[in-house]
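Here is protein-v7.pdb, consisting of PDB, C-alpha atoms, pLDDT in the B column:
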MODEL        1
ATOM      1  CA  PHE A   1       0.000   0.000   0.000  1.00 75.00           C
ATOM      2  CA  VAL A   2       1.203   3.530  -0.730  1.00 90.00           C
ATOM      3  CA  ASP A   3      -0.253   4.889   2.532  1.00 86.00           C
ATOM      4  CA  ALA A   4       0.515   2.047   4.950  1.00 88.00           C
ATOM      5  CA  GLU A   5       0.200   2.141   8.719  1.00 89.00           C
ATOM      6  CA  PRO A   6       3.564   2.685  10.460  1.00 91.00           C
ATOM      7  CA  GLY A   7       4.969  -0.358  12.238  1.00 88.00           C
ATOM      8  CA  GLY A   8       4.699  -0.500  16.026  1.00 89.00           C
ATOM      9  CA  LEU A   9       7.432  -0.802  18.650  1.00 89.00           C
ATOM     10  CA  GLU A  10       7.521  -4.577  18.268  1.00 89.00           C
ATOM     11  CA  THR A  11       8.882  -4.156  14.704  1.00 90.00           C
ATOM     12  CA  ARG A  12      11.658  -1.712  15.633  1.00 94.00           C
ATOM     13  CA  LEU A  13      15.156  -1.687  17.063  1.00 94.00           C
ATOM     14  CA  SER A  14      17.228   1.049  18.678  1.00 94.00           C
ATOM     15  CA  VAL A  15      19.284   3.200  16.318  1.00 93.00           C
ATOM     16  CA  SER A  16      22.873   2.080  16.829  1.00 90.00           C
ATOM     17  CA  LYS A  17      24.813   2.258  13.551  1.00 94.00           C
ATOM     18  CA  PRO A  18      26.236   5.599  12.340  1.00 94.00           C
ATOM     19  CA  CYS A  19      24.954   7.142   9.124  1.00 96.00           C
ATOM     20  CA  HIS A  20      27.782   8.870   7.266  1.00 95.00           C
ATOM     21  CA  THR A  21      26.768  11.793   5.072  1.00 95.00           C
ATOM     22  CA  GLY A  22      30.075  12.402   3.298  1.00 94.00           C
ATOM     23  CA  SER A  23      30.241  15.897   4.799  1.00 93.00           C
ATOM     24  CA  SER A  24      33.095  15.937   7.326  1.00 92.00           C
ATOM     25  CA  LEU A  25      31.651  18.784   9.404  1.00 92.00           C
ATOM     26  CA  ILE A  26      28.277  17.072   9.785  1.00 93.00           C
ATOM     27  CA  ASP A  27      29.781  13.648  10.483  1.00 93.00           C
ATOM     28  CA  LEU A  28      32.086  15.065  13.180  1.00 93.00           C
ATOM     29  CA  LEU A  29      29.616  17.356  14.949  1.00 92.00           C
ATOM     30  CA  VAL A  30      26.120  15.944  14.366  1.00 91.00           C
ATOM     31  CA  PRO A  31      25.424  12.360  15.471  1.00 88.00           C
ATOM     32  CA  ILE A  32      23.175  10.735  12.840  1.00 95.00           C
ATOM     33  CA  GLY A  33      22.319   7.050  12.943  1.00 96.00           C
ATOM     34  CA  LYS A  34      20.879   4.661  10.376  1.00 96.00           C
ATOM     35  CA  GLY A  35      17.129   4.647  10.817  1.00 95.00           C
ATOM     36  CA  GLN A  36      17.042   8.245  11.999  1.00 96.00           C
ATOM     37  CA  ARG A  37      14.861  11.029  10.597  1.00 97.00           C
ATOM     38  CA  GLU A  38      17.035  14.114  10.199  1.00 97.00           C
ATOM     39  CA  LEU A  39      15.365  17.323   9.016  1.00 97.00           C
ATOM     40  CA  ILE A  40      17.295  19.505   6.560  1.00 97.00           C
ATOM     41  CA  MET A  41      16.213  23.178   6.578  1.00 96.00           C
ATOM     42  CA  GLY A  42      17.361  26.249   4.704  1.00 94.00           C
ATOM     43  CA  ASP A  43      16.438  28.985   2.292  1.00 94.00           C
ATOM     44  CA  ARG A  44      16.265  28.409  -1.435  1.00 91.00           C
ATOM     45  CA  LYS A  45      19.625  27.959  -3.200  1.00 89.00           C
ATOM     46  CA  THR A  46      21.584  27.250   0.001  1.00 92.00           C
ATOM     47  CA  GLY A  47      22.790  23.782  -1.000  1.00 91.00           C
ATOM     48  CA  LYS A  48      20.175  21.497   0.564  1.00 94.00           C
ATOM     49  CA  SER A  49      19.866  19.283  -2.519  1.00 93.00           C
ATOM     50  CA  LYS A  50      23.648  19.123  -2.927  1.00 94.00           C
ATOM     51  CA  PHE A  51      23.978  17.929   0.658  1.00 95.00           C
ATOM     52  CA  LEU A  52      21.338  15.257   0.036  1.00 96.00           C
ATOM     53  CA  ILE A  53      23.179  14.012  -3.053  1.00 96.00           C
ATOM     54  CA  ARG A  54      26.447  13.862  -1.107  1.00 96.00           C
ATOM     55  CA  ALA A  55      24.762  11.859   1.666  1.00 97.00           C
ATOM     56  CA  LEU A  56      23.133   9.634  -0.945  1.00 96.00           C
ATOM     57  CA  LEU A  57      26.519   8.924  -2.538  1.00 96.00           C
ATOM     58  CA  ALA A  58      28.091   8.123   0.838  1.00 97.00           C
ATOM     59  CA  GLN A  59      25.305   5.710   1.787  1.00 97.00           C
ATOM     60  CA  ILE A  60      25.320   3.933  -1.573  1.00 96.00           C
ATOM     61  CA  LYS A  61      29.062   3.347  -1.158  1.00 95.00           C
ATOM     62  CA  GLU A  62      28.182   1.616   2.127  1.00 95.00           C
ATOM     63  CA  GLY A  63      25.715  -0.687   0.349  1.00 94.00           C
ATOM     64  CA  ALA A  64      22.395   1.121   0.809  1.00 97.00           C
ATOM     65  CA  VAL A  65      19.718   1.670  -1.814  1.00 97.00           C
ATOM     66  CA  GLY A  66      18.821   5.292  -2.524  1.00 97.00           C
ATOM     67  CA  VAL A  67      15.281   6.588  -2.952  1.00 98.00           C
ATOM     68  CA  TYR A  68      14.983  10.269  -3.862  1.00 98.00           C
ATOM     69  CA  ALA A  69      11.557  11.941  -3.900  1.00 98.00           C
ATOM     70  CA  VAL A  70      11.344  15.235  -5.786  1.00 97.00           C
ATOM     71  CA  VAL A  71       8.079  16.858  -4.711  1.00 97.00           C
ATOM     72  CA  GLY A  72       6.595  19.512  -6.977  1.00 94.00           C
ATOM     73  CA  LYS A  73       9.852  20.892  -8.399  1.00 93.00           C
ATOM     74  CA  GLY A  74      10.532  22.337 -11.840  1.00 92.00           C
ATOM     75  CA  GLN A  75      11.336  20.020 -14.734  1.00 94.00           C
ATOM     76  CA  ALA A  76      14.766  21.605 -15.149  1.00 94.00           C
ATOM     77  CA  ALA A  77      15.655  20.780 -11.526  1.00 93.00           C
ATOM     78  CA  ILE A  78      14.563  17.166 -11.996  1.00 95.00           C
ATOM     79  CA  ARG A  79      16.595  16.811 -15.179  1.00 96.00           C
ATOM     80  CA  LEU A  80      19.659  18.323 -13.446  1.00 95.00           C
ATOM     81  CA  LEU A  81      19.281  15.793 -10.637  1.00 95.00           C
ATOM     82  CA  GLU A  82      19.106  12.926 -13.149  1.00 96.00           C
ATOM     83  CA  GLU A  83      22.278  14.148 -14.856  1.00 96.00           C
ATOM     84  CA  THR A  84      24.058  14.500 -11.508  1.00 96.00           C
ATOM     85  CA  LEU A  85      23.200  10.931 -10.511  1.00 96.00           C
ATOM     86  CA  GLU A  86      24.409   9.680 -13.890  1.00 96.00           C
ATOM     87  CA  ASN A  87      27.656  11.649 -13.654  1.00 96.00           C
ATOM     88  CA  LEU A  88      28.310  10.232 -10.178  1.00 95.00           C
ATOM     89  CA  LYS A  89      27.622   6.738 -11.583  1.00 95.00           C
ATOM     90  CA  ILE A  90      25.036   5.941  -8.910  1.00 95.00           C
ATOM     91  CA  ALA A  91      21.885   6.231 -11.038  1.00 95.00           C
ATOM     92  CA  GLU A  92      21.492   2.446 -11.146  1.00 95.00           C
ATOM     93  CA  ASN A  93      21.334   2.389  -7.315  1.00 96.00           C
ATOM     94  CA  VAL A  94      18.796   5.197  -6.925  1.00 97.00           C
ATOM     95  CA  VAL A  95      15.042   5.149  -7.459  1.00 97.00           C
ATOM     96  CA  LEU A  96      13.941   8.656  -8.441  1.00 97.00           C
ATOM     97  CA  VAL A  97      10.292   9.474  -7.695  1.00 97.00           C
ATOM     98  CA  ALA A  98       9.334  12.877  -9.083  1.00 97.00           C
ATOM     99  CA  SER A  99       6.376  15.165  -9.561  1.00 97.00           C
ATOM    100  CA  THR A 100       6.661  18.537 -11.247  1.00 95.00           C
ATOM    101  CA  ALA A 101       5.247  21.925 -10.341  1.00 92.00           C
ATOM    102  CA  ASN A 102       2.799  21.557 -13.254  1.00 94.00           C
ATOM    103  CA  ASP A 103       1.344  18.276 -12.018  1.00 95.00           C
ATOM    104  CA  PRO A 104      -2.066  18.160 -10.283  1.00 95.00           C
ATOM    105  CA  PRO A 105      -1.899  18.687  -6.490  1.00 94.00           C
ATOM    106  CA  GLY A 106      -3.080  15.112  -5.910  1.00 94.00           C
ATOM    107  CA  LEU A 107      -0.041  13.768  -7.743  1.00 96.00           C
ATOM    108  CA  VAL A 108       2.309  16.108  -5.878  1.00 96.00           C
ATOM    109  CA  TYR A 109       0.715  15.059  -2.579  1.00 96.00           C
ATOM    110  CA  ILE A 110       1.186  11.330  -3.156  1.00 96.00           C
ATOM    111  CA  THR A 111       4.835  11.562  -4.299  1.00 97.00           C
ATOM    112  CA  PRO A 112       6.542  11.077  -0.887  1.00 97.00           C
ATOM    113  CA  TYR A 113       4.141   8.230  -0.063  1.00 97.00           C
ATOM    114  CA  VAL A 114       5.188   6.369  -3.210  1.00 97.00           C
ATOM    115  CA  ALA A 115       8.853   6.938  -2.318  1.00 98.00           C
ATOM    116  CA  MET A 116       8.296   5.606   1.212  1.00 97.00           C
ATOM    117  CA  ALA A 117       6.486   2.527  -0.138  1.00 97.00           C
ATOM    118  CA  ILE A 118       9.455   1.811  -2.450  1.00 97.00           C
ATOM    119  CA  ALA A 119      11.836   2.235   0.493  1.00 97.00           C
ATOM    120  CA  GLU A 120       9.790  -0.276   2.503  1.00 96.00           C
ATOM    121  CA  TYR A 121       9.963  -2.731  -0.401  1.00 95.00           C
ATOM    122  CA  PHE A 122      13.777  -2.642  -0.442  1.00 96.00           C
ATOM    123  CA  ARG A 123      13.870  -2.868   3.359  1.00 95.00           C
ATOM    124  CA  ASP A 124      11.763  -6.022   3.150  1.00 93.00           C
ATOM    125  CA  GLN A 125      14.229  -7.368   0.561  1.00 94.00           C
ATOM    126  CA  GLY A 126      16.995  -7.081   3.169  1.00 93.00           C
ATOM    127  CA  ARG A 127      18.575  -3.761   2.132  1.00 95.00           C
ATOM    128  CA  ASP A 128      19.278  -0.594   4.068  1.00 96.00           C
ATOM    129  CA  VAL A 129      17.623   2.419   2.432  1.00 98.00           C
ATOM    130  CA  PHE A 130      18.499   6.111   2.339  1.00 98.00           C
ATOM    131  CA  LEU A 131      15.382   8.160   1.606  1.00 98.00           C
ATOM    132  CA  ALA A 132      15.396  11.861   0.692  1.00 98.00           C
ATOM    133  CA  LEU A 133      12.106  13.815   0.654  1.00 97.00           C
ATOM    134  CA  ASP A 134      12.722  17.069  -1.223  1.00 93.00           C
ATOM    135  CA  ASP A 135      10.713  18.851  -0.033  1.00 89.00           C
ATOM    136  CA  LEU A 136       7.832  18.589   2.444  1.00 96.00           C
ATOM    137  CA  THR A 137       7.006  22.299   2.256  1.00 95.00           C
ATOM    138  CA  LEU A 138       5.593  21.800  -1.241  1.00 95.00           C
ATOM    139  CA  HIS A 139       3.932  18.591  -0.072  1.00 96.00           C
ATOM    140  CA  ALA A 140       2.109  20.544   2.645  1.00 96.00           C
ATOM    141  CA  GLN A 141       1.071  23.202   0.137  1.00 95.00           C
ATOM    142  CA  ALA A 142      -0.392  20.525  -2.154  1.00 95.00           C
ATOM    143  CA  TYR A 143      -2.339  19.057   0.772  1.00 95.00           C
ATOM    144  CA  ARG A 144      -3.604  22.505   1.716  1.00 94.00           C
ATOM    145  CA  GLU A 145      -4.814  23.046  -1.854  1.00 94.00           C
ATOM    146  CA  LEU A 146      -6.612  19.704  -1.885  1.00 93.00           C
ATOM    147  CA  SER A 147      -8.224  20.426   1.484  1.00 93.00           C
ATOM    148  CA  LEU A 148      -9.432  23.877   0.482  1.00 90.00           C
ATOM    149  CA  LEU A 149     -10.853  22.508  -2.789  1.00 91.00           C
ATOM    150  CA  ALA A 150     -12.716  19.919  -0.689  1.00 90.00           C
ATOM    151  CA  ARG A 151     -14.033  22.785   1.485  1.00 88.00           C
ATOM    152  CA  ARG A 152     -12.255  21.566   4.592  1.00 86.00           C
ATOM    153  CA  TYR A 153     -12.139  24.116   7.392  1.00 85.00           C
ATOM    154  CA  PRO A 154      -8.808  26.014   7.206  1.00 86.00           C
ATOM    155  CA  GLY A 155      -6.683  26.516  10.297  1.00 86.00           C
ATOM    156  CA  ARG A 156      -3.376  28.261  10.898  1.00 86.00           C
ATOM    157  CA  ASP A 157      -1.888  29.716   7.693  1.00 86.00           C
ATOM    158  CA  SER A 158      -4.877  28.134   5.867  1.00 89.00           C
ATOM    159  CA  TYR A 159      -3.476  24.640   6.481  1.00 92.00           C
ATOM    160  CA  PRO A 160      -6.022  22.044   7.637  1.00 90.00           C
ATOM    161  CA  GLY A 161      -5.772  20.948  11.248  1.00 86.00           C
ATOM    162  CA  ASP A 162      -4.680  17.417  10.374  1.00 91.00           C
ATOM    163  CA  ILE A 163      -1.536  18.405   8.441  1.00 93.00           C
ATOM    164  CA  PHE A 164       0.529  17.346  11.472  1.00 94.00           C
ATOM    165  CA  TYR A 165      -1.059  13.889  11.475  1.00 94.00           C
ATOM    166  CA  VAL A 166      -0.635  13.513   7.703  1.00 94.00           C
ATOM    167  CA  GLN A 167       3.100  14.196   7.674  1.00 96.00           C
ATOM    168  CA  SER A 168       3.933  12.513  10.996  1.00 96.00           C
ATOM    169  CA  ARG A 169       2.230   9.316   9.795  1.00 95.00           C
ATOM    170  CA  LEU A 170       4.477   9.455   6.716  1.00 96.00           C
ATOM    171  CA  LEU A 171       7.721  10.023   8.644  1.00 97.00           C
ATOM    172  CA  GLU A 172       6.891   7.386  11.279  1.00 96.00           C
ATOM    173  CA  ARG A 173       7.298   4.757   8.553  1.00 96.00           C
ATOM    174  CA  ALA A 174      11.071   5.348   8.621  1.00 97.00           C
ATOM    175  CA  GLY A 175      13.234   3.812  11.313  1.00 96.00           C
ATOM    176  CA  ASN A 176      15.432   0.864  12.270  1.00 96.00           C
ATOM    177  CA  PHE A 177      13.534  -2.391  11.870  1.00 96.00           C
ATOM    178  CA  LYS A 178      13.705  -6.098  12.611  1.00 92.00           C
ATOM    179  CA  SER A 179      13.584  -8.255   9.492  1.00 84.00           C
ATOM    180  CA  ALA A 180      14.097 -11.843   8.418  1.00 80.00           C
ATOM    181  CA  SER A 181      17.606 -10.909   7.281  1.00 80.00           C
ATOM    182  CA  GLY A 182      18.467  -9.008  10.463  1.00 87.00           C
ATOM    183  CA  GLU A 183      18.574  -5.314  11.274  1.00 92.00           C
ATOM    184  CA  ARG A 184      17.480  -3.078   8.380  1.00 95.00           C
ATOM    185  CA  ALA A 185      16.997   0.685   8.365  1.00 96.00           C
ATOM    186  CA  ILE A 186      15.145   3.328   6.394  1.00 97.00           C
ATOM    187  CA  THR A 187      17.091   6.527   7.048  1.00 98.00           C
ATOM    188  CA  CYS A 188      14.945   9.506   6.085  1.00 98.00           C
ATOM    189  CA  PHE A 189      16.148  13.045   5.352  1.00 98.00           C
ATOM    190  CA  PRO A 190      13.096  15.278   4.824  1.00 97.00           C
ATOM    191  CA  VAL A 191      13.673  18.824   3.576  1.00 97.00           C
ATOM    192  CA  VAL A 192      11.886  22.046   4.506  1.00 96.00           C
ATOM    193  CA  GLU A 193      12.446  25.317   2.654  1.00 94.00           C
ATOM    194  CA  THR A 194      12.561  28.415   4.845  1.00 94.00           C
ATOM    195  CA  VAL A 195      12.087  32.036   3.791  1.00 91.00           C
ATOM    196  CA  GLY A 196      14.548  34.611   5.068  1.00 90.00           C
ATOM    197  CA  GLY A 197      15.984  32.141   7.569  1.00 87.00           C
ATOM    198  CA  ASP A 198      12.664  31.892   9.412  1.00 88.00           C
ATOM    199  CA  PHE A 199      12.457  28.361  10.814  1.00 88.00           C
ATOM    200  CA  ALA A 200       9.584  29.264  13.168  1.00 90.00           C
ATOM    201  CA  SER A 201       6.914  28.916  10.475  1.00 91.00           C
ATOM    202  CA  TYR A 202       4.024  26.507  10.939  1.00 93.00           C
ATOM    203  CA  ILE A 203       5.229  23.663   8.699  1.00 94.00           C
ATOM    204  CA  SER A 204       8.879  24.003   9.801  1.00 94.00           C
ATOM    205  CA  THR A 205       8.051  23.705  13.491  1.00 95.00           C
ATOM    206  CA  ASN A 206       5.605  20.878  12.805  1.00 95.00           C
ATOM    207  CA  ILE A 207       8.232  18.761  11.063  1.00 96.00           C
ATOM    208  CA  MET A 208      10.919  19.699  13.593  1.00 96.00           C
ATOM    209  CA  SER A 209       8.742  18.098  16.259  1.00 95.00           C
ATOM    210  CA  MET A 210       8.335  14.907  14.164  1.00 95.00           C
ATOM    211  CA  THR A 211      12.003  14.314  13.430  1.00 96.00           C
ATOM    212  CA  ASP A 212      14.943  13.169  15.561  1.00 94.00           C
ATOM    213  CA  GLY A 213      17.126  16.185  14.815  1.00 92.00           C
ATOM    214  CA  HIS A 214      17.568  18.973  12.320  1.00 93.00           C
ATOM    215  CA  ILE A 215      20.309  20.722  10.379  1.00 94.00           C
ATOM    216  CA  PHE A 216      19.811  24.333   9.365  1.00 92.00           C
TER
ENDMDL
END

Can you dump the structure from the file as structure tokens?
Amino acid sequence: FVDAEPGGLETRLSVSKPCHTGSSLIDLLVPIGKGQRELIMGDRKTGKSKFLIRALLAQIKEGAVGVYAVVGKGQAAIRLLEETLENLKIAENVVLVASTANDPPGLVYITPYVAMAIAEYFRDQGRDVFLALDDLTLHAQAYRELSLLARRYPGRDSYPGDIFYVQSRLLERAGNFKSASGERAITCFPVVETVGGDFASYISTNIMSMTDGHIF
């Protein structure tokens, strides 16, 4: 199922193995483990996607499968990402799930769910997975548009009241899990775009409270 129920405590293990990102400063100063959900925040054009690609490369070198969700971006940005993965010679180890800014909001909304379902498939096949969700700000905007079209009652910043539940249910599907082949992890790096360095916005603070840490 694309929107599956997150596994309970009986399916999970403590996060114990380090997750190397390929960025020396982050790896030395910020403890990140496999199975962790680490939020990446920053303004537009500050290198968030480049950091994700570097982390993706580092994890693939350690044997993980990469799943990269591009949520509601421009076609040029998606094509540039494809070329970057090909140039780094890791395209065959990455599943790219993408929706463009011109796609219907329903398609944009379901993009990270499809990526998470693919990550769960590889986890069940006995592989560690590195999952990038780029970005959940546009995902929230698509959900707000769908809710307003359905005449749902708007709340803070016109977002429906259940936006927290919607995105927390998605992120709870990542973690460190028990499997038939041993310990397997879905390490999730969701992205939030800030404006003018303001990380106190509604969606930013929501996702900060869902994740295990954040890098600004």

Mind dumping a table of every region 32-59 of chain A residue within 9 Å of region 63-66 of chain A, with the nearest atom pair and its distance in Å to one decimal, using only C-alpha atoms, sorted by chain and rising number, as CSV?
residue,atom,partner,partner_atom,distance
A:Leu56,CA,A:Gly66,CA,6.3
A:Leu57,CA,A:Gly66,CA,8.5
A:Gln59,CA,A:Ala64,CA,5.5

What's around region 29-45 of chain A at 9 Å? Count only C-alpha atoms, leave out sequence neighbours fewer than 3 positions away in its own chain, and write the answer as a PDB file with C-alpha atoms, in the coordinates of the input.
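Saved as around-v2.pdb:
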ATOM      1  CA  SER A  14      17.228   1.049  18.678  1.00 94.00           C
ATOM      2  CA  VAL A  15      19.284   3.200  16.318  1.00 93.00           C
ATOM      3  CA  SER A  16      22.873   2.080  16.829  1.00 90.00           C
ATOM      4  CA  LYS A  17      24.813   2.258  13.551  1.00 94.00           C
ATOM      5  CA  PRO A  18      26.236   5.599  12.340  1.00 94.00           C
ATOM      6  CA  CYS A  19      24.954   7.142   9.124  1.00 96.00           C
ATOM      7  CA  HIS A  20      27.782   8.870   7.266  1.00 95.00           C
ATOM      8  CA  THR A  21      26.768  11.793   5.072  1.00 95.00           C
ATOM      9  CA  SER A  24      33.095  15.937   7.326  1.00 92.00           C
ATOM     10  CA  LEU A  25      31.651  18.784   9.404  1.00 92.00           C
ATOM     11  CA  ILE A  26      28.277  17.072   9.785  1.00 93.00           C
ATOM     12  CA  LYS A  48      20.175  21.497   0.564  1.00 94.00           C
ATOM     13  CA  SER A  49      19.866  19.283  -2.519  1.00 93.00           C
ATOM     14  CA  LEU A  52      21.338  15.257   0.036  1.00 96.00           C
ATOM     15  CA  ASP A 128      19.278  -0.594   4.068  1.00 96.00           C
ATOM     16  CA  VAL A 129      17.623   2.419   2.432  1.00 98.00           C
ATOM     17  CA  PHE A 130      18.499   6.111   2.339  1.00 98.00           C
ATOM     18  CA  LEU A 171       7.721  10.023   8.644  1.00 97.00           C
ATOM     19  CA  GLU A 172       6.891   7.386  11.279  1.00 96.00           C
ATOM     20  CA  ALA A 174      11.071   5.348   8.621  1.00 97.00           C
ATOM     21  CA  GLY A 175      13.234   3.812  11.313  1.00 96.00           C
ATOM     22  CA  ASN A 176      15.432   0.864  12.270  1.00 96.00           C
ATOM     23  CA  PHE A 177      13.534  -2.391  11.870  1.00 96.00           C
ATOM     24  CA  ARG A 184      17.480  -3.078   8.380  1.00 95.00           C
ATOM     25  CA  ALA A 185      16.997   0.685   8.365  1.00 96.00           C
ATOM     26  CA  ILE A 186      15.145   3.328   6.394  1.00 97.00           C
ATOM     27  CA  THR A 187      17.091   6.527   7.048  1.00 98.00           C
ATOM     28  CA  CYS A 188      14.945   9.506   6.085  1.00 98.00           C
ATOM     29  CA  PHE A 189      16.148  13.045   5.352  1.00 98.00           C
ATOM     30  CA  PRO A 190      13.096  15.278   4.824  1.00 97.00           C
ATOM     31  CA  VAL A 191      13.673  18.824   3.576  1.00 97.00           C
ATOM     32  CA  VAL A 192      11.886  22.046   4.506  1.00 96.00           C
ATOM     33  CA  GLU A 193      12.446  25.317   2.654  1.00 94.00           C
ATOM     34  CA  THR A 194      12.561  28.415   4.845  1.00 94.00           C
ATOM     35  CA  VAL A 195      12.087  32.036   3.791  1.00 91.00           C
ATOM     36  CA  GLY A 196      14.548  34.611   5.068  1.00 90.00           C
ATOM     37  CA  GLY A 197      15.984  32.141   7.569  1.00 87.00           C
ATOM     38  CA  ASP A 198      12.664  31.892   9.412  1.00 88.00           C
ATOM     39  CA  PHE A 199      12.457  28.361  10.814  1.00 88.00           C
ATOM     40  CA  SER A 204       8.879  24.003   9.801  1.00 94.00           C
ATOM     41  CA  ILE A 207       8.232  18.761  11.063  1.00 96.00           C
ATOM     42  CA  MET A 208      10.919  19.699  13.593  1.00 96.00           C
ATOM     43  CA  MET A 210       8.335  14.907  14.164  1.00 95.00           C
ATOM     44  CA  THR A 211      12.003  14.314  13.430  1.00 96.00           C
ATOM     45  CA  ASP A 212      14.943  13.169  15.561  1.00 94.00           C
ATOM     46  CA  GLY A 213      17.126  16.185  14.815  1.00 92.00           C
ATOM     47  CA  HIS A 214      17.568  18.973  12.320  1.00 93.00           C
ATOM     48  CA  ILE A 215      20.309  20.722  10.379  1.00 94.00           C
ATOM     49  CA  PHE A 216      19.811  24.333   9.365  1.00 92.00           C
TER      50      PHE A 216
END

Worksheet item: Quick one: of A:Thr11, A:Pro6, A:Tyr68, A:His139, who's nearest to Ile118 (chain A), counting all atoms listed in the file?
Response: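 Of A:Thr11, A:Pro6, A:Tyr68, A:His139, the one nearest Ile118 (chain A), counting all atoms listed in the file, is A:Tyr68.
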
Item to complete: Spell out the residues picked by the PyMOL selection byres ((chain A and resi 165) around 12) here, as a PyMOL selection string.
Response: chain A and resi 140+143+160-164+166-172+203+206-207+209-210

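In this structure, CA of Ala69 (chain A) sits 19.3 Å away from CA of Arg144 (chain A).
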
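Taking all atoms listed in the file into account, Ile53 (chain A) lies nearest to A:Leu88 out of the set A:Met116, A:Ala76, A:Leu88, A:Leu136.
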
Discussion item. Report, in Å with one decimal, the straight-line distance from CA of Lys50 (chain A) to CA of Tyr121 (chain A).
Written reply: 25.9 Å

Worksheet item: If you measure from CA of Gly74 (chain A) to CA of Ala132 (chain A), what distance in Å do you get, rounded to one decimal?
Response: 17.0 Å

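Of the residues listed (A:Glu183, A:Asp3, A:Glu10, A:Glu62), A:Glu183 shows the shortest atom-to-atom separation from Gly126 (chain A); distances use only C-alpha atoms.
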
Worksheet item: Which residues match the PyMOL selection byres ((chain A and resi 106) around 10) in the file above, as a VMD selection string?
Response: chain A and resid 103 to 105 107 to 111 139 142 to 143 145 to 146

Put those residues in a file: C-alpha atoms, as a PDB file, in the coordinates of the input.
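The new file part_33.pdb reads:
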ATOM      1  CA  ASP A 103       1.344  18.276 -12.018  1.00 95.00           C
ATOM      2  CA  PRO A 104      -2.066  18.160 -10.283  1.00 95.00           C
ATOM      3  CA  PRO A 105      -1.899  18.687  -6.490  1.00 94.00           C
ATOM      4  CA  LEU A 107      -0.041  13.768  -7.743  1.00 96.00           C
ATOM      5  CA  VAL A 108       2.309  16.108  -5.878  1.00 96.00           C
ATOM      6  CA  TYR A 109       0.715  15.059  -2.579  1.00 96.00           C
ATOM      7  CA  ILE A 110       1.186  11.330  -3.156  1.00 96.00           C
ATOM      8  CA  THR A 111       4.835  11.562  -4.299  1.00 97.00           C
ATOM      9  CA  HIS A 139       3.932  18.591  -0.072  1.00 96.00           C
ATOM     10  CA  ALA A 142      -0.392  20.525  -2.154  1.00 95.00           C
ATOM     11  CA  TYR A 143      -2.339  19.057   0.772  1.00 95.00           C
ATOM     12  CA  GLU A 145      -4.814  23.046  -1.854  1.00 94.00           C
ATOM     13  CA  LEU A 146      -6.612  19.704  -1.885  1.00 93.00           C
TER      14      LEU A 146
END

Worksheet item: Nearest to Val71 (chain A) among A:Ala101, A:Leu85, A:Ala180, A:Leu148, with distances taken over all atoms listed in the file: which residue is it?
Response: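 Looking only at the distances to Val71 (chain A), the closest residue turns out to be A:Ala101.
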